[in-house]
Amino acid sequence: MKAWDAHVTAVCSQDASGLVKKLGADDVIDYKSGNVEEKLKSLKPFDFILDNVGGSTETWALNLLKKWSGATYVTLVTPFLLNMDRLGVADGMLQTGVTMGSKTLKHFWQGVHYRWAFFMASGLYLDDIAKLVDEGKIQPVIEKTFPFSEVPEAFLKVERGHARGKTVINVV
């Protein structure tokens with residue numbers, strides 16, 4: 001978001017705060033040192049919230065958005081796979097549609113937009129991102145590179161979580 005001159009507030013653990021500040025965060029909230037919701041409430045209302053955690057976050061985070069201003073909450077945690085696993089393909093897709101529609105409408109009437117983020121590769125968007133990288137506006141972070149012969153170790157590292165960048169597998 002800094003690439004588009006946004007004021008960025010990030011929530012992370014203290015040991016990640018240096019990296020997050022280096023990447024451009026203006027405010028950093030340590031989720032391990034007290035009530036995150038209260039700390040965020042002490043700041044000005046937000047125009048945009050990107051939630052990559054899910055869980056109980058959505059029960060309070062939407063209240064931090066500027067109402068009736070076009071403010072948007074985007075979650076990376078979708079009900080799609082969970083519903084498909086639990087209900088099967090047809091019922092899972094139907095339940096996901098109902099969930100998405102009802103949450104979108106519920107929050108629309110409360111003055112905020114609720115969205116899910118899905119990734120779909122796009123050459124045009126990747127070109128835009130490459131340009132931002134070339135201009136130094138986006139800084140890719142690679143935590144560790146593994147040779148192809150160590151793919152199982154790479155997957156174990158990813159499964160442990162708490163990444164401080166991307167894990168790359170070198171296939172060349």
# chains A, B, ... in the order shown; residues from 1 in each chain; ligands from 1
call {"tool": "select_by_dssp", "arguments": {"residues": "stretch 14-121 of chain A", "states": "strand (DSSP E or B)", "output": "list in words"}}
result
Asp27, Val28, Ile29, Asp30, Phe46, Phe48, Ile49, Leu50, Asp51, Leu65, Thr72, Tyr73, Val74, Thr75, His113, Tyr114, Arg115 and Trp116 of chain A
call {"tool": "write_last_selection", "arguments": {"atoms": "C-alpha atoms", "output": "PDB file, in the first residue's frame"}}
result
ATOM      1  CA  ASP A  27       2.515   2.314  12.629  1.00  0.00           C
ATOM      2  CA  VAL A  28       3.281  -1.160  13.964  1.00  0.00           C
ATOM      3  CA  ILE A  29       1.104  -2.881  16.554  1.00  0.00           C
ATOM      4  CA  ASP A  30       2.523  -5.888  18.431  1.00  0.00           C
ATOM      5  CA  PHE A  46      -9.248   3.048   8.436  1.00  0.00           C
ATOM      6  CA  PHE A  48      -8.917  -0.329   4.062  1.00  0.00           C
ATOM      7  CA  ILE A  49      -8.200  -3.405   6.159  1.00  0.00           C
ATOM      8  CA  LEU A  50      -6.493  -6.506   4.764  1.00  0.00           C
ATOM      9  CA  ASP A  51      -7.036  -9.487   7.063  1.00  0.00           C
ATOM     10  CA  LEU A  65     -13.438   1.254   9.128  1.00  0.00           C
ATOM     11  CA  THR A  72     -13.296  -1.850   2.522  1.00  0.00           C
ATOM     12  CA  TYR A  73     -12.425  -4.924   4.564  1.00  0.00           C
ATOM     13  CA  VAL A  74     -10.708  -7.658   2.539  1.00  0.00           C
ATOM     14  CA  THR A  75     -10.059 -11.092   3.972  1.00  0.00           C
ATOM     15  CA  HIS A 113     -17.612  -3.074   1.977  1.00  0.00           C
ATOM     16  CA  TYR A 114     -16.740  -6.708   2.748  1.00  0.00           C
ATOM     17  CA  ARG A 115     -14.683  -8.622   0.184  1.00  0.00           C
ATOM     18  CA  TRP A 116     -12.695 -11.821  -0.221  1.00  0.00           C
TER      19      TRP A 116
END
call {"tool": "closest_atom_pairs", "arguments": {"of": "stretch 31-150 of chain A", "to": "stretch 155-168 of chain A", "cutoff": "7 Å", "atoms": "only C-alpha atoms", "output": "CSV"}}
result
residue,atom,partner,partner_atom,distance
A:Val141,CA,A:Gly165,CA,4.8
A:Ile142,CA,A:Lys166,CA,4.6
A:Glu143,CA,A:Gly165,CA,4.5
A:Lys144,CA,A:Thr167,CA,5.2
A:Thr145,CA,A:Val168,CA,4.6
A:Phe146,CA,A:Val168,CA,6.2
call {"tool": "residues_around", "arguments": {"residues": "A:Ser149", "least_positions_apart": "6", "cutoff": "12 Å", "atoms": "only C-alpha atoms", "output": "PyMOL selection string"}}
result
chain A and resi 155+169-172
call {"tool": "select_by_dssp", "arguments": {"residues": "stretch 72-141 of chain A", "states": "alpha helix (DSSP H)", "output": "ChimeraX atom specification"}}
result
/A:80-87,89-108,123-134
call {"tool": "atom_distance", "arguments": {"atom1": "atom CA of A:Glu38", "atom2": "atom CA of A:Ala3"}}
result
27.7 Å
call {"tool": "atom_distance", "arguments": {"atom1": "atom CA of A:Gly34", "atom2": "atom CA of A:Lys22"}}
result
23.3 Å
call {"tool": "closest_residue", "arguments": {"among": "A:Ala130, A:Leu76, A:Met100, A:Ala10", "to": "A:Gly24", "atoms": "only C-alpha atoms"}}
result
A:Ala10
call {"tool": "residues_around", "arguments": {"residues": "A:Gly92", "least_positions_apart": "5", "cutoff": "6 Å", "atoms": "only C-alpha atoms", "output": "PyMOL selection string"}}
result
chain A and resi 83-84+87
call {"tool": "write_last_selection", "arguments": {"atoms": "N, CA, C and O atoms", "output": "short mmCIF file (atom, residue, chain, number, x, y, z; two decimals), in the first residue's frame"}}
result
data_model
loop_
_atom_site.label_atom_id
_atom_site.label_comp_id
_atom_site.auth_asym_id
_atom_site.auth_seq_id
_atom_site.Cartn_x
_atom_site.Cartn_y
_atom_site.Cartn_z
N ASN A 83 -16.03 -25.12 3.14
CA ASN A 83 -17.38 -25.56 2.77
C ASN A 83 -17.35 -26.73 1.81
O ASN A 83 -18.16 -27.65 1.91
N MET A 84 -16.42 -26.72 0.86
CA MET A 84 -16.32 -27.82 -0.10
C MET A 84 -15.93 -29.11 0.61
O MET A 84 -16.47 -30.17 0.33
N LEU A 87 -19.08 -30.06 2.92
CA LEU A 87 -20.40 -30.30 2.32
C LEU A 87 -20.37 -30.94 0.94
O LEU A 87 -21.41 -31.27 0.40
#
call {"tool": "atom_distance", "arguments": {"atom1": "atom CA of A:Val8", "atom2": "atom CA of A:Leu23"}}
result
10.1 Å
call {"tool": "residues_around", "arguments": {"residues": "A:Ala6", "least_positions_apart": "4", "cutoff": "10 Å", "atoms": "only C-alpha atoms", "output": "ChimeraX atom specification"}}
result
/A:1-2,24-26,47-48
